[in-house]
Each structure stands twice: as structure tokens, then as C-alpha cells.
file structure-v2.cif (mmCIF, C-alpha atoms)
data_model
#
loop_
_atom_site.label_atom_id
_atom_site.label_comp_id
_atom_site.auth_asym_id
_atom_site.auth_seq_id
_atom_site.Cartn_x
_atom_site.Cartn_y
_atom_site.Cartn_z
CA MET A 1 -17.44 -44.10 -6.39
CA ALA A 2 -17.72 -42.21 -3.09
CA SER A 3 -13.96 -42.63 -2.61
CA ASN A 4 -13.23 -41.00 -6.00
CA LEU A 5 -15.58 -38.12 -5.21
CA SER A 6 -13.86 -37.58 -1.86
CA LYS A 7 -10.42 -37.51 -3.55
CA MET A 8 -11.65 -35.01 -6.13
CA GLU A 9 -13.03 -32.73 -3.38
CA LEU A 10 -9.77 -32.98 -1.44
CA ASN A 11 -7.73 -32.27 -4.59
CA SER A 12 -9.96 -29.29 -5.39
CA SER A 13 -9.57 -28.00 -1.84
CA GLN A 14 -5.77 -28.30 -2.07
CA LYS A 15 -5.74 -26.42 -5.39
CA THR A 16 -7.89 -23.65 -3.90
CA LYS A 17 -5.59 -23.45 -0.88
CA ARG A 18 -2.49 -23.29 -3.10
CA LEU A 19 -4.05 -20.60 -5.30
CA PHE A 20 -4.95 -18.62 -2.18
CA VAL A 21 -1.38 -18.75 -0.86
CA VAL A 22 0.22 -17.88 -4.20
CA THR A 23 -2.18 -14.97 -4.72
CA GLN A 24 -1.60 -13.66 -1.19
CA VAL A 25 2.18 -13.85 -1.57
CA LEU A 26 2.25 -12.22 -5.00
CA ILE A 27 -0.06 -9.35 -4.04
CA ARG A 28 1.83 -8.76 -0.78
CA LEU A 29 5.12 -8.64 -2.71
CA ALA A 30 3.58 -6.18 -5.21
CA ALA A 31 2.31 -4.05 -2.30
CA PHE A 32 5.82 -4.16 -0.82
CA GLY A 33 7.24 -2.84 -4.10
CA ALA A 34 4.64 -0.11 -4.53
CA SER A 35 4.93 1.17 -0.96
CA LEU A 36 8.74 0.99 -1.08
CA ALA A 37 8.74 2.98 -4.32
CA ALA A 38 6.35 5.58 -2.85
CA ALA A 39 8.49 6.03 0.26
CA LEU A 40 11.82 6.17 -1.60
CA ILE A 41 10.62 8.54 -4.31
CA MET A 42 9.17 10.96 -1.77
CA ALA A 43 12.15 10.70 0.59
CA THR A 44 14.52 11.66 -2.22
CA THR A 45 12.40 14.56 -3.48
CA LYS A 46 14.21 17.89 -3.26
CA GLU A 47 14.66 20.82 -5.59
CA ARG A 48 16.52 24.11 -5.22
CA LYS A 49 15.75 27.12 -7.46
CA THR A 50 16.71 30.78 -7.47
CA ILE A 51 13.75 33.01 -8.28
CA TYR A 52 14.17 36.78 -8.52
CA GLY A 53 17.39 36.53 -6.51
CA PHE A 54 15.80 34.46 -3.74
CA GLU A 55 16.73 30.87 -3.24
CA MET A 56 13.74 28.54 -2.97
CA VAL A 57 14.17 25.03 -1.60
CA ALA A 58 11.39 22.45 -1.86
CA LYS A 59 11.80 19.31 0.27
CA TYR A 60 9.31 16.70 1.35
CA THR A 61 10.21 17.33 5.00
CA TYR A 62 8.64 20.80 4.78
CA SER A 63 5.19 19.23 4.55
CA SER A 64 3.69 17.15 7.36
CA ALA A 65 1.45 15.40 4.83
CA PHE A 66 4.45 14.30 2.77
CA ARG A 67 6.29 13.13 5.91
CA PHE A 68 3.15 11.18 6.84
CA LEU A 69 3.14 9.61 3.37
CA VAL A 70 6.74 8.44 3.79
CA GLY A 71 6.03 7.03 7.25
CA ALA A 72 2.82 5.27 6.24
CA ASN A 73 4.38 3.71 3.16
CA THR A 74 7.43 2.62 5.14
CA ALA A 75 5.13 0.94 7.67
CA ALA A 76 3.09 -0.70 4.88
CA CYS A 77 6.30 -1.86 3.21
CA ALA A 78 7.59 -3.45 6.43
CA TYR A 79 4.20 -5.00 7.21
CA SER A 80 4.03 -6.54 3.73
CA LEU A 81 7.26 -8.42 4.36
CA VAL A 82 6.56 -9.30 7.98
CA SER A 83 3.11 -10.69 7.15
CA LEU A 84 4.40 -13.08 4.46
CA PRO A 85 5.68 -15.79 6.84
CA PHE A 86 2.46 -15.62 8.81
CA VAL A 87 0.35 -16.19 5.69
CA LEU A 88 2.49 -19.21 4.82
CA MET A 89 2.49 -20.50 8.39
CA PHE A 90 -1.25 -20.07 8.94
CA THR A 91 -2.04 -21.81 5.66
CA ALA A 92 0.45 -24.66 6.16
CA LYS A 93 -0.79 -25.39 9.68
CA GLY A 94 -4.41 -25.18 8.60
CA SER A 95 -4.98 -22.52 11.24
CA GLY A 96 -8.49 -21.57 12.12
CA GLN A 97 -10.43 -18.51 11.16
CA ARG A 98 -9.21 -16.61 14.23
CA CYS A 99 -5.62 -16.36 12.92
CA PHE A 100 -6.79 -15.15 9.52
CA PHE A 101 -9.18 -12.72 11.18
CA CYS A 102 -6.25 -11.11 13.02
CA LEU A 103 -4.37 -10.89 9.71
CA PHE A 104 -7.47 -9.39 8.11
CA LEU A 105 -7.69 -6.71 10.83
CA LEU A 106 -4.03 -5.79 10.40
CA ASP A 107 -4.45 -5.65 6.61
CA LEU A 108 -7.46 -3.39 7.10
CA MET A 109 -5.52 -1.10 9.44
CA VAL A 110 -2.65 -0.75 6.95
CA MET A 111 -5.16 -0.03 4.19
CA GLY A 112 -6.70 2.71 6.35
CA LEU A 113 -3.27 4.15 7.08
CA LEU A 114 -2.43 4.28 3.37
CA THR A 115 -5.81 5.85 2.61
CA ALA A 116 -5.19 8.65 5.11
CA ALA A 117 -1.61 9.28 3.98
CA SER A 118 -2.41 9.21 0.26
CA SER A 119 -5.38 11.53 0.73
CA ALA A 120 -3.39 14.02 2.81
CA ALA A 121 -0.56 14.08 0.27
CA THR A 122 -3.05 14.49 -2.58
CA ALA A 123 -4.62 17.52 -0.87
CA ILE A 124 -1.26 19.21 -0.31
CA GLY A 125 -0.17 18.32 -3.84
CA PHE A 126 -3.32 19.91 -5.23
CA VAL A 127 -2.59 23.14 -3.37
CA GLY A 128 1.00 23.05 -4.61
CA LYS A 129 -0.13 22.56 -8.19
CA TYR A 130 -3.07 24.98 -8.32
CA GLY A 131 -2.75 27.16 -5.23
CA ASN A 132 -5.71 28.49 -3.28
CA SER A 133 -6.82 32.01 -4.20
CA HIS A 134 -9.17 32.26 -1.18
CA THR A 135 -6.30 31.96 1.28
CA GLY A 136 -3.67 33.68 -0.84
CA TRP A 137 -1.58 30.54 -1.38
CA GLY A 138 0.08 30.57 -4.75
CA GLU A 139 0.97 27.52 -6.74
CA ILE A 140 4.61 26.43 -6.66
CA CYS A 141 4.80 23.78 -9.35
CA SER A 142 5.63 26.28 -12.09
CA TYR A 143 8.78 27.10 -10.11
CA VAL A 144 9.80 23.62 -8.89
CA GLY A 145 8.36 21.34 -11.54
CA HIS A 146 10.76 18.45 -10.93
CA TYR A 147 9.80 18.42 -7.24
CA CYS A 148 6.10 18.36 -8.11
CA ASP A 149 6.59 15.59 -10.67
CA LYS A 150 8.40 13.38 -8.14
CA THR A 151 5.77 13.97 -5.46
CA THR A 152 3.09 13.04 -8.00
CA TYR A 153 4.91 9.78 -8.82
CA SER A 154 5.18 9.00 -5.13
CA VAL A 155 1.48 9.61 -4.51
CA VAL A 156 0.56 7.43 -7.51
CA CYS A 157 2.72 4.60 -6.12
CA SER A 158 1.05 5.07 -2.74
CA TYR A 159 -2.40 4.75 -4.31
CA ALA A 160 -1.21 1.61 -6.12
CA ALA A 161 -0.15 0.16 -2.76
CA LEU A 162 -3.54 1.16 -1.35
CA VAL A 163 -5.37 -0.71 -4.13
CA LEU A 164 -3.18 -3.76 -3.59
CA PHE A 165 -3.91 -3.69 0.14
CA PHE A 166 -7.60 -3.45 -0.71
CA PHE A 167 -7.27 -6.71 -2.65
CA ILE A 168 -5.24 -8.25 0.19
CA THR A 169 -7.99 -7.28 2.63
CA ILE A 170 -10.63 -8.90 0.45
CA LEU A 171 -8.52 -12.06 0.15
CA SER A 172 -7.91 -12.17 3.90
CA ALA A 173 -11.62 -11.77 4.56
CA THR A 174 -12.55 -14.57 2.17
CA LYS A 175 -9.97 -17.17 3.20
CA PRO A 176 -11.00 -20.51 1.70
CA LYS A 177 -12.64 -22.71 4.27
CA PRO A 178 -11.58 -26.34 4.43
CA SER A 179 -14.04 -28.65 2.71
CA PRO A 180 -15.72 -31.16 4.98
CA VAL A 181 -14.41 -34.69 4.55
CA PRO A 182 -17.14 -37.31 4.69
#
call {"tool": "encode", "arguments": {"input": "structure-v2.cif", "output": "C-alpha cells"}}
result
Amino acid sequence: MASNLSKMELNSSQKTKRLFVVTQVLIRLAAFGASLAAALIMATTKERKTIYGFEMVAKYTYSSAFRFLVGANTAACAYSLVSLPFVLMFTAKGSGQRCFFCLFLLDLMVMGLLTAASSAATAIGFVGKYGNSHTGWGEICSYVGHYCDKTTYSVVCSYAALVLFFFITILSATKPKPSPVP
């Protein structure tokens, strides 16, 4: 009877470990896709309009916040792929908590980077959409609507990557502990 109970606990532990790995891999791949989409959409955002005889060009490179968004999402995208083998290796080897703690810290740092970049881009996007009457900054989205739409899509993808990294961070922090074998 004790032998059957031990096998059931071991089988349950293996299922939990497998579910952990599959969930980590799937969420990291989704975060890769979201951050790649955010970076590519923003990097290809450009619009040229002639207004009252003046040519107006809107490019993401004109805003430090938008350049930061591209850089942060590119870093998150690369980290998502680079971290995948480590998740698989740490789980397969049965590595201790220290390895997963390092992964957790890196996940947390990428999440913080995405938070900063997404917030900065949101602030600049808000000014572009609504302007700021106190400082005399007019809105530009009525002139370059396609540009504003693409930057909005990019920021939304960046927030999606941020949410996915939030879930990755929670998963990394709650790595299943091996069950004690009697």
C-alpha cells in the first residue's frame, strides 16, 4: 500500500513538473511573439503628410520614448528565446531553487524594463493624441492618423508582452518543489 502511494506521489510530481515546463515554454513563446510584434510595428511606423504646403514627417525615431519601446521589446524578445533552453535544462536536471531564482530575477528585470518602456510610450502617445494646452503642444494624430494607429498597436502589443512576463515571473517564483520521497 505504501509503495502504491509513493508511486502516485511521484507520478503527480512528474505531471506537475511537466505542466510547469509546458506552461513556461508556451508563455515565453507568446511573450516572444508579442514583444517581436511591438518592436516591428513601431520600427516600421512612418508617415509623411503635406499640411498647408509644409511637409510633415512622423517617424518613431523622433521620439526617445518610442525608441526606448523598440529597444526594450527587442531585448524582451531576445531574452524570451534565450531563456527557453535554460528553463528546459534547469527542469530536466532537477536544478535547485538557486537556478530558478536567477531566472526569476531576470524575468522580473525584463518585466520592469517593459513596464518603463510601455509607460513612456503611452505618455508620449497621449500627448500626440490629445496635445497639452498648458505647454502649447498641439495634437498631431488628426494629421498623421496612420502613424498614431500603428504606434497604438505597438504599445498594445508591448502591454501584452508585459502581462505575459508578469505571468512568467509568477511562474518562476512558484517553481514546483520536488515532493519528498519516503
call {"tool": "residues_around", "arguments": {"input": "structure-v2.cif", "residues": "Leu36 of chain A", "least_positions_apart": "4", "cutoff": "8 Å", "atoms": "all atoms listed in the file", "output": "VMD selection string"}}
result
chain A and resid 32 40 73 to 74 77
call {"tool": "residues_near_point", "arguments": {"input": "structure-v2.cif", "point": "(3.0, -7.6, 0.1)", "cutoff": "8 Å", "atoms": "all atoms listed in the file", "output": "list of chain:residue names"}}
result
A:Gln24, A:Val25, A:Leu26, A:Ile27, A:Arg28, A:Leu29, A:Ala30, A:Ala31, A:Phe32, A:Gly33, A:Cys77, A:Tyr79, A:Ser80, A:Leu81, A:Ser83, A:Leu84, A:Phe165
call {"tool": "closest_residue", "arguments": {"input": "structure-v2.cif", "among": "A:Ala161, A:Leu113, A:Ile140, A:Leu19", "to": "Glu47 of chain A", "atoms": "only C-alpha atoms"}}
result
A:Ile140
call {"tool": "residues_around", "arguments": {"input": "structure-v2.cif", "residues": "Thr61 of chain A", "least_positions_apart": "5", "cutoff": "9 Å", "atoms": "only C-alpha atoms", "output": "number ranges by chain"}}
result
A: 43, 66-67
call {"tool": "write_last_selection", "arguments": {"input": "structure-v2.cif", "atoms": "C-alpha atoms", "output": "tab-separated table (two decimals), in the frame of the given file"}}
result
chain	number	residue	atom	x	y	z
A	43	ALA	CA	12.15	10.70	0.59
A	66	PHE	CA	4.45	14.30	2.77
A	67	ARG	CA	6.29	13.13	5.91
call {"tool": "resolve_selection", "arguments": {"input": "structure-v2.cif", "expression": "the PyMOL selection byres ((chain A and resi 54-57) around 12)", "output": "ChimeraX atom specification"}}
result
/A:45-53,58-62,140-141,143-144,146-147
call {"tool": "decode", "arguments": {"input": "structure-v2.cif", "residues": "segment 139-159 of chain A", "atoms": "C-alpha atoms", "output": "JSON list (two decimals), in the first residue's frame"}}
result
[["chain", "number", "residue", "atom", "x", "y", "z"],
["A", 139, "GLU", "CA", -2.17, 67.10, -31.01],
["A", 140, "ILE", "CA", -0.82, 65.51, -34.19],
["A", 141, "CYS", "CA", -3.00, 62.46, -34.66],
["A", 142, "SER", "CA", -5.58, 64.33, -36.73],
["A", 143, "TYR", "CA", -2.79, 64.99, -39.25],
["A", 144, "VAL", "CA", -0.94, 61.64, -39.17],
["A", 145, "GLY", "CA", -3.65, 59.19, -38.17],
["A", 146, "HIS", "CA", -1.99, 56.12, -39.69],
["A", 147, "TYR", "CA", 1.17, 56.84, -37.69],
["A", 148, "CYS", "CA", -0.83, 57.18, -34.47],
["A", 149, "ASP", "CA", -2.78, 53.99, -35.16],
["A", 150, "LYS", "CA", 0.42, 51.98, -35.68],
["A", 151, "THR", "CA", 2.04, 53.38, -32.54],
["A", 152, "THR", "CA", -1.11, 52.45, -30.61],
["A", 153, "TYR", "CA", -0.95, 48.87, -31.93],
["A", 154, "SER", "CA", 2.69, 48.67, -30.94],
["A", 155, "VAL", "CA", 2.03, 49.91, -27.41],
["A", 156, "VAL", "CA", -0.85, 47.44, -27.02],
["A", 157, "CYS", "CA", 1.45, 44.58, -28.09],
["A", 158, "SER", "CA", 4.04, 45.83, -25.62],
["A", 159, "TYR", "CA", 1.50, 45.77, -22.79]]
